[in-house]
Amino acid sequence: MAVSCVTKSLEEEDRPKLGLGNIQTPLIFNPSMLNLQPDIPNQFIWPDDEKPSINAPDLDVPLIDLQNLHSSASPSSSLQASTLISEACKKHGFFLVVNHGISEELISDAHVYMSRFFDMPLSEKQRVLRKPGESCGYASSFTGRFSTKLPWKETLSFRFCDGETSPKTVQDYFSDALGHEFEPFGKVYQEYCEAMSSLSLKIMELLGLSLGVNRDYFREFFEENDSIMRLNYYPPCQKPDLTLGTGPHCDPTSLTILHQDHVNGLQVFVENQWRSIRPNSKAFVVNIGDTFMALSNDRYKSCLHRAVVNSESERKSLAFFLCPKKDKVVKPPRELLDSITSRKYPDFTWAMFLEFTQ
């Protein structure tokens, strides 16, 4: 189950947890207060061998144009796109998609409401505080769970279900958890998640083609997905050379679709070097997660990546993590198995793997 990557890399996994033998006043990650200090707390300082390389060289990632993929006037478009995707996914699992059909207004609204949420007082954000063992809610660094190598960030995560039994999961979350005045938030992120789910299924068709399986195989596997949406906020940091916005990790999910604002910060570890993927407002960054690596029987890579911060500008990003229904059994299609190629991972469900990562 891609265990080697997850157990080594999830940002929460490799840090000492706060215990009874380490009783102290809990650190509160409040950027407006911490930035008034000349230095950052020791809990946010990373070891020398993990400190950021601010000026990382750019990663060469293919730009996949989705506009003509279903057009009879350009029958070779899908083949060309799937070939580019295959090459990238065998190397590092990252590519960009443009002409994706998601409206600029919706993307802009999602960024605006993200800013409004993170601009709220800390006490307001803590009304939806993420509980230990759960994957959804507000997280202020991870100050209540770990004592070293803390990330310089805040996040808000919530569940999205693409199924008839849960038609308005996101909208209900904001209204139920934060009150009716947050209904506009819920409507925007409900629509955004629905758009991300549809885009994910289009990408799954290309992934199927690129692996030589039926075009509809992975699309159908994820049609009733049970996914996670995350808003990421990286405040400016007075000592960006000492800390990280997000530590090195692989995504345990199947597919990540990321929209960055205009501030650089995403880095990918390729060929023993950190490389940068610069923001492109017209594009989404797509990367393979551990679950799809298992679905592809290890043909495609779930690669280490991280986020760096800077002293001048805040950085924000929208991340949609595509996940299968929790009871779906994750195993590669028969086309990816033969007498030479053996199974790389045992069968598992997303519910089992999610519990493991938490």
# chains A, B, ... in the order shown; residues from 1 in each chain; ligands from 1
>>> residues_around(residues="range 43-49 of chain A", least_positions_apart="6", cutoff="6 Å", atoms="only C-alpha atoms", output="list in words")
Ser147, Thr148, Lys149, Leu150, Leu242 and Thr243 of chain A
>>> closest_residue(among="A:Phe29, A:Trp274, A:Tyr345, A:Trp152", to="Thr291 in chain A", atoms="only C-alpha atoms")
A:Tyr345
>>> residues_around(residues="His111 in chain A", least_positions_apart="6", cutoff="12 Å", atoms="only C-alpha atoms", output="PyMOL selection string")
chain A and resi 104-105+117-118+185+188-189+192+230-233+259-262+281+315-319
>>> write_last_selection(atoms="C-alpha atoms", output="PDB file, in the first residue's frame")
ATOM      1  CA  GLU A 104     -12.040  31.698 -13.842  1.00  0.00           C
ATOM      2  CA  GLU A 105     -14.821  33.235 -11.747  1.00  0.00           C
ATOM      3  CA  PHE A 117     -11.646  32.311   6.258  1.00  0.00           C
ATOM      4  CA  PHE A 118      -7.968  32.612   7.167  1.00  0.00           C
ATOM      5  CA  PHE A 185     -18.718  29.673   1.571  1.00  0.00           C
ATOM      6  CA  VAL A 188     -18.764  28.166  -3.588  1.00  0.00           C
ATOM      7  CA  TYR A 189     -16.809  25.165  -2.314  1.00  0.00           C
ATOM      8  CA  TYR A 192     -15.712  23.971  -6.763  1.00  0.00           C
ATOM      9  CA  ARG A 230      -8.087  21.433   1.556  1.00  0.00           C
ATOM     10  CA  LEU A 231      -7.431  25.166   1.757  1.00  0.00           C
ATOM     11  CA  ASN A 232      -3.759  25.945   2.466  1.00  0.00           C
ATOM     12  CA  TYR A 233      -2.505  29.214   3.906  1.00  0.00           C
ATOM     13  CA  HIS A 259      -4.402  25.556  -7.886  1.00  0.00           C
ATOM     14  CA  GLN A 260      -1.674  27.908  -6.682  1.00  0.00           C
ATOM     15  CA  ASP A 261      -1.937  31.645  -6.261  1.00  0.00           C
ATOM     16  CA  HIS A 262       0.806  33.852  -7.777  1.00  0.00           C
ATOM     17  CA  SER A 281      -3.063  30.913 -12.905  1.00  0.00           C
ATOM     18  CA  ARG A 315       0.881  32.091  -0.185  1.00  0.00           C
ATOM     19  CA  LYS A 316      -2.400  30.216  -0.648  1.00  0.00           C
ATOM     20  CA  SER A 317      -3.430  27.142  -2.594  1.00  0.00           C
ATOM     21  CA  LEU A 318      -6.514  25.001  -3.208  1.00  0.00           C
ATOM     22  CA  ALA A 319      -5.970  21.243  -3.097  1.00  0.00           C
TER      23      ALA A 319
END
>>> closest_residue(among="A:Pro121, A:Gly289, A:Gly186, A:Gly93", to="Phe321 in chain A", atoms="only C-alpha atoms")
A:Gly289
>>> closest_residue(among="A:Lys187, A:Lys331, A:Lys131, A:Lys282", to="Leu63 in chain A", atoms="only C-alpha atoms")
A:Lys282
>>> residues_around(residues="Arg278 in chain A", least_positions_apart="3", cutoff="10 Å", atoms="only C-alpha atoms", output="list in words")
Pro57, Asp58, Leu59, Gln260, Asp261, His262, Val263, Asn264, Gly265, Leu266, Gln267, Arg275, Ser281 and Val285 of chain A
>>> write_last_selection(atoms="all heavy atoms", output="short mmCIF file (atom, residue, chain, number, x, y, z; two decimals), in the first residue's frame")
data_model
loop_
_atom_site.label_atom_id
_atom_site.label_comp_id
_atom_site.auth_asym_id
_atom_site.auth_seq_id
_atom_site.Cartn_x
_atom_site.Cartn_y
_atom_site.Cartn_z
N PRO A 57 15.84 24.94 -8.87
CA PRO A 57 15.60 25.02 -10.32
C PRO A 57 14.21 24.52 -10.67
O PRO A 57 13.61 23.73 -9.93
CB PRO A 57 16.69 24.10 -10.90
CG PRO A 57 17.05 23.18 -9.78
CD PRO A 57 16.88 23.96 -8.52
N ASP A 58 13.70 24.96 -11.80
CA ASP A 58 12.35 24.57 -12.21
C ASP A 58 12.30 23.11 -12.64
O ASP A 58 13.24 22.59 -13.25
CB ASP A 58 11.86 25.45 -13.36
CG ASP A 58 11.58 26.88 -12.92
OD1 ASP A 58 11.55 27.12 -11.69
OD2 ASP A 58 11.40 27.75 -13.79
N LEU A 59 11.18 22.47 -12.35
CA LEU A 59 10.92 21.12 -12.82
C LEU A 59 10.27 21.18 -14.19
O LEU A 59 9.34 21.96 -14.41
CB LEU A 59 10.01 20.38 -11.83
CG LEU A 59 9.61 18.95 -12.22
CD1 LEU A 59 10.83 18.03 -12.24
CD2 LEU A 59 8.54 18.40 -11.26
N GLN A 260 -2.52 27.01 -7.46
CA GLN A 260 -1.67 27.91 -6.68
C GLN A 260 -2.06 29.36 -6.96
O GLN A 260 -2.53 29.69 -8.05
CB GLN A 260 -0.21 27.72 -7.06
CG GLN A 260 0.31 26.29 -6.99
CD GLN A 260 1.80 26.22 -7.26
OE1 GLN A 260 2.62 26.51 -6.39
NE2 GLN A 260 2.16 25.86 -8.48
N ASP A 261 -1.83 30.22 -5.97
CA ASP A 261 -1.94 31.65 -6.26
C ASP A 261 -0.67 32.07 -7.00
O ASP A 261 0.03 31.24 -7.59
CB ASP A 261 -2.22 32.45 -4.99
CG ASP A 261 -1.07 32.44 -3.99
OD1 ASP A 261 0.01 31.88 -4.30
OD2 ASP A 261 -1.23 32.98 -2.89
N HIS A 262 -0.31 33.35 -6.98
CA HIS A 262 0.81 33.85 -7.78
C HIS A 262 2.16 33.69 -7.10
O HIS A 262 3.20 34.06 -7.69
CB HIS A 262 0.59 35.33 -8.08
CG HIS A 262 0.55 36.19 -6.84
ND1 HIS A 262 -0.54 36.23 -5.99
CD2 HIS A 262 1.48 37.02 -6.29
CE1 HIS A 262 -0.28 37.05 -4.99
NE2 HIS A 262 0.94 37.54 -5.15
N VAL A 263 2.20 33.14 -5.86
CA VAL A 263 3.45 33.07 -5.10
C VAL A 263 4.07 31.69 -5.24
O VAL A 263 3.41 30.67 -5.02
CB VAL A 263 3.20 33.41 -3.62
CG1 VAL A 263 4.51 33.35 -2.82
CG2 VAL A 263 2.57 34.80 -3.49
N ASN A 264 5.35 31.66 -5.57
CA ASN A 264 6.07 30.40 -5.73
C ASN A 264 6.26 29.69 -4.39
O ASN A 264 6.40 30.35 -3.36
CB ASN A 264 7.43 30.67 -6.39
CG ASN A 264 8.06 29.43 -6.96
OD1 ASN A 264 7.36 28.50 -7.37
ND2 ASN A 264 9.38 29.40 -7.01
N GLY A 265 6.24 28.35 -4.39
CA GLY A 265 6.45 27.64 -3.13
C GLY A 265 6.44 26.13 -3.24
O GLY A 265 6.99 25.45 -2.38
N LEU A 266 5.84 25.57 -4.29
CA LEU A 266 5.76 24.11 -4.44
C LEU A 266 7.07 23.57 -5.00
O LEU A 266 7.58 24.05 -6.00
CB LEU A 266 4.61 23.77 -5.39
CG LEU A 266 4.47 22.28 -5.78
CD1 LEU A 266 4.20 21.41 -4.56
CD2 LEU A 266 3.36 22.12 -6.82
N GLN A 267 7.61 22.55 -4.32
CA GLN A 267 8.84 21.91 -4.76
C GLN A 267 8.67 20.39 -4.77
O GLN A 267 8.00 19.82 -3.91
CB GLN A 267 10.03 22.29 -3.86
CG GLN A 267 10.38 23.76 -3.90
CD GLN A 267 11.59 24.11 -3.06
OE1 GLN A 267 12.09 23.30 -2.28
NE2 GLN A 267 12.07 25.34 -3.21
N ARG A 275 13.10 20.54 -6.93
CA ARG A 275 12.82 21.37 -8.10
C ARG A 275 11.46 22.07 -7.90
O ARG A 275 10.56 21.53 -7.27
CB ARG A 275 12.82 20.54 -9.37
CG ARG A 275 14.21 19.99 -9.72
CD ARG A 275 14.20 19.19 -10.99
NE ARG A 275 15.53 18.76 -11.37
CZ ARG A 275 16.37 19.46 -12.13
NH1 ARG A 275 15.98 20.65 -12.60
NH2 ARG A 275 17.56 19.00 -12.44
N SER A 281 -1.66 30.69 -13.28
CA SER A 281 -3.06 30.91 -12.90
C SER A 281 -4.04 30.21 -13.85
O SER A 281 -5.18 29.94 -13.47
CB SER A 281 -3.37 32.41 -12.87
OG SER A 281 -3.22 32.99 -14.16
N VAL A 285 -2.08 22.09 -11.18
CA VAL A 285 -1.02 21.10 -11.00
C VAL A 285 -1.66 19.79 -10.59
O VAL A 285 -2.46 19.75 -9.65
CB VAL A 285 -0.02 21.54 -9.91
CG1 VAL A 285 1.12 20.52 -9.77
CG2 VAL A 285 0.54 22.93 -10.22
#
>>> select_by_dssp(residues="range 57-243 of chain A", states="alpha helix (DSSP H)", output="short mmCIF file (atom, residue, chain, number, x, y, z; two decimals) with C-alpha atoms, in the first residue's frame")
data_model
loop_
_atom_site.label_atom_id
_atom_site.label_comp_id
_atom_site.auth_asym_id
_atom_site.auth_seq_id
_atom_site.Cartn_x
_atom_site.Cartn_y
_atom_site.Cartn_z
CA SER A 77 -5.02 14.76 -29.09
CA SER A 78 -5.87 12.09 -26.53
CA LEU A 79 -3.00 9.89 -27.65
CA GLN A 80 -0.51 12.76 -27.49
CA ALA A 81 -1.77 13.82 -24.05
CA SER A 82 -1.68 10.27 -22.67
CA THR A 83 1.88 9.80 -23.95
CA LEU A 84 3.06 13.00 -22.22
CA ILE A 85 1.29 11.97 -19.02
CA SER A 86 2.83 8.50 -19.13
CA GLU A 87 6.34 9.89 -19.45
CA ALA A 88 5.82 12.33 -16.56
CA CYS A 89 4.15 9.80 -14.26
CA LYS A 90 6.95 7.29 -14.69
CA LYS A 91 9.48 9.96 -13.68
CA GLU A 104 -12.04 31.70 -13.84
CA GLU A 105 -14.82 33.24 -11.75
CA LEU A 106 -15.26 30.03 -9.72
CA ILE A 107 -11.52 29.72 -9.12
CA SER A 108 -11.37 33.38 -8.11
CA ASP A 109 -14.31 32.97 -5.71
CA ALA A 110 -12.66 29.94 -4.12
CA HIS A 111 -9.51 32.00 -3.48
CA VAL A 112 -11.51 34.97 -2.15
CA TYR A 113 -13.42 32.87 0.36
CA MET A 114 -10.22 31.13 1.39
CA SER A 115 -8.73 34.53 2.24
CA ARG A 116 -11.85 35.47 4.19
CA PHE A 117 -11.65 32.31 6.26
CA PHE A 118 -7.97 32.61 7.17
CA LEU A 122 -8.10 32.48 15.56
CA SER A 123 -10.95 31.79 17.99
CA GLU A 124 -13.44 31.79 15.10
CA LYS A 125 -11.36 29.39 13.03
CA THR A 169 -21.78 17.41 1.68
CA VAL A 170 -19.66 20.55 1.50
CA GLN A 171 -22.53 23.02 1.71
CA ASP A 172 -23.92 21.24 4.77
CA TYR A 173 -20.50 21.18 6.44
CA PHE A 174 -20.10 24.95 6.39
CA SER A 175 -23.67 25.63 7.54
CA ASP A 176 -23.64 23.00 10.28
CA ALA A 177 -20.13 23.67 11.59
CA LEU A 178 -19.94 27.46 11.28
CA GLU A 183 -23.72 29.42 3.46
CA PRO A 184 -21.97 31.46 0.69
CA PHE A 185 -18.72 29.67 1.57
CA GLY A 186 -20.46 26.32 1.34
CA LYS A 187 -22.06 27.08 -2.01
CA VAL A 188 -18.76 28.17 -3.59
CA TYR A 189 -16.81 25.17 -2.31
CA GLN A 190 -19.62 22.74 -3.14
CA GLU A 191 -19.52 23.98 -6.74
CA TYR A 192 -15.71 23.97 -6.76
CA CYS A 193 -15.52 20.38 -5.50
CA GLU A 194 -18.08 19.24 -8.04
CA ALA A 195 -15.98 20.84 -10.77
CA MET A 196 -12.82 19.19 -9.41
CA SER A 197 -14.55 15.81 -9.29
CA SER A 198 -15.60 16.14 -12.94
CA LEU A 199 -12.10 17.24 -13.94
CA SER A 200 -10.63 14.29 -12.03
CA LEU A 201 -12.73 11.85 -14.03
CA LYS A 202 -11.53 13.37 -17.31
CA ILE A 203 -7.95 12.97 -16.13
CA MET A 204 -8.69 9.39 -15.09
CA GLU A 205 -9.67 8.63 -18.69
CA LEU A 206 -6.26 9.85 -19.85
CA LEU A 207 -4.50 7.86 -17.14
CA GLY A 208 -6.35 4.75 -18.30
CA LEU A 209 -5.30 5.35 -21.90
CA SER A 210 -1.73 6.03 -20.86
CA LEU A 211 -1.56 2.70 -19.01
CA TYR A 217 -11.85 1.76 -16.19
CA PHE A 218 -10.48 4.34 -13.75
CA ARG A 219 -13.26 6.82 -14.49
CA GLU A 220 -15.86 4.29 -13.35
CA PHE A 221 -13.73 3.34 -10.34
#
>>> atom_distance(atom1="CA of Met33 in chain A", atom2="CA of Thr155 in chain A")
17.8 Å
>>> atom_distance(atom1="CA of Leu244 in chain A", atom2="CA of Pro38 in chain A")
17.4 Å
>>> residues_around(residues="Ser157 in chain A", least_positions_apart="3", cutoff="6 Å", atoms="only C-alpha atoms", output="PDB file with N, CA, C and O atoms, in the first residue's frame")
ATOM      1  N   CYS A 136     -10.435  15.995   8.624  1.00  0.00           N
ATOM      2  CA  CYS A 136     -11.138  17.230   8.264  1.00  0.00           C
ATOM      3  C   CYS A 136     -11.176  18.206   9.433  1.00  0.00           C
ATOM      4  O   CYS A 136     -11.098  17.813  10.599  1.00  0.00           O
ATOM      5  N   GLY A 137     -11.302  19.486   9.094  1.00  0.00           N
ATOM      6  CA  GLY A 137     -11.348  20.530  10.102  1.00  0.00           C
ATOM      7  C   GLY A 137     -10.193  21.515   9.931  1.00  0.00           C
ATOM      8  O   GLY A 137      -9.395  21.419   8.993  1.00  0.00           O
ATOM      9  N   MET A 229     -11.165  18.057   0.301  1.00  0.00           N
ATOM     10  CA  MET A 229     -10.770  19.381  -0.188  1.00  0.00           C
ATOM     11  C   MET A 229      -9.992  20.089   0.916  1.00  0.00           C
ATOM     12  O   MET A 229     -10.381  20.020   2.095  1.00  0.00           O
ATOM     13  N   ARG A 230      -8.894  20.742   0.543  1.00  0.00           N
ATOM     14  CA  ARG A 230      -8.087  21.433   1.556  1.00  0.00           C
ATOM     15  C   ARG A 230      -7.706  22.832   1.083  1.00  0.00           C
ATOM     16  O   ARG A 230      -7.251  23.032  -0.040  1.00  0.00           O
TER      17      ARG A 230
END
>>> closest_residue(among="A:Met120, A:Arg127, A:Val329, A:His92", to="Asn272 in chain A", atoms="only C-alpha atoms")
A:His92
>>> closest_residue(among="A:Phe94, A:Trp350, A:Cys323, A:Ala139", to="Tyr300 in chain A", atoms="only C-alpha atoms")
A:Phe94
>>> atom_distance(atom1="CA of Thr349 in chain A", atom2="CA of Gly212 in chain A")
23.6 Å
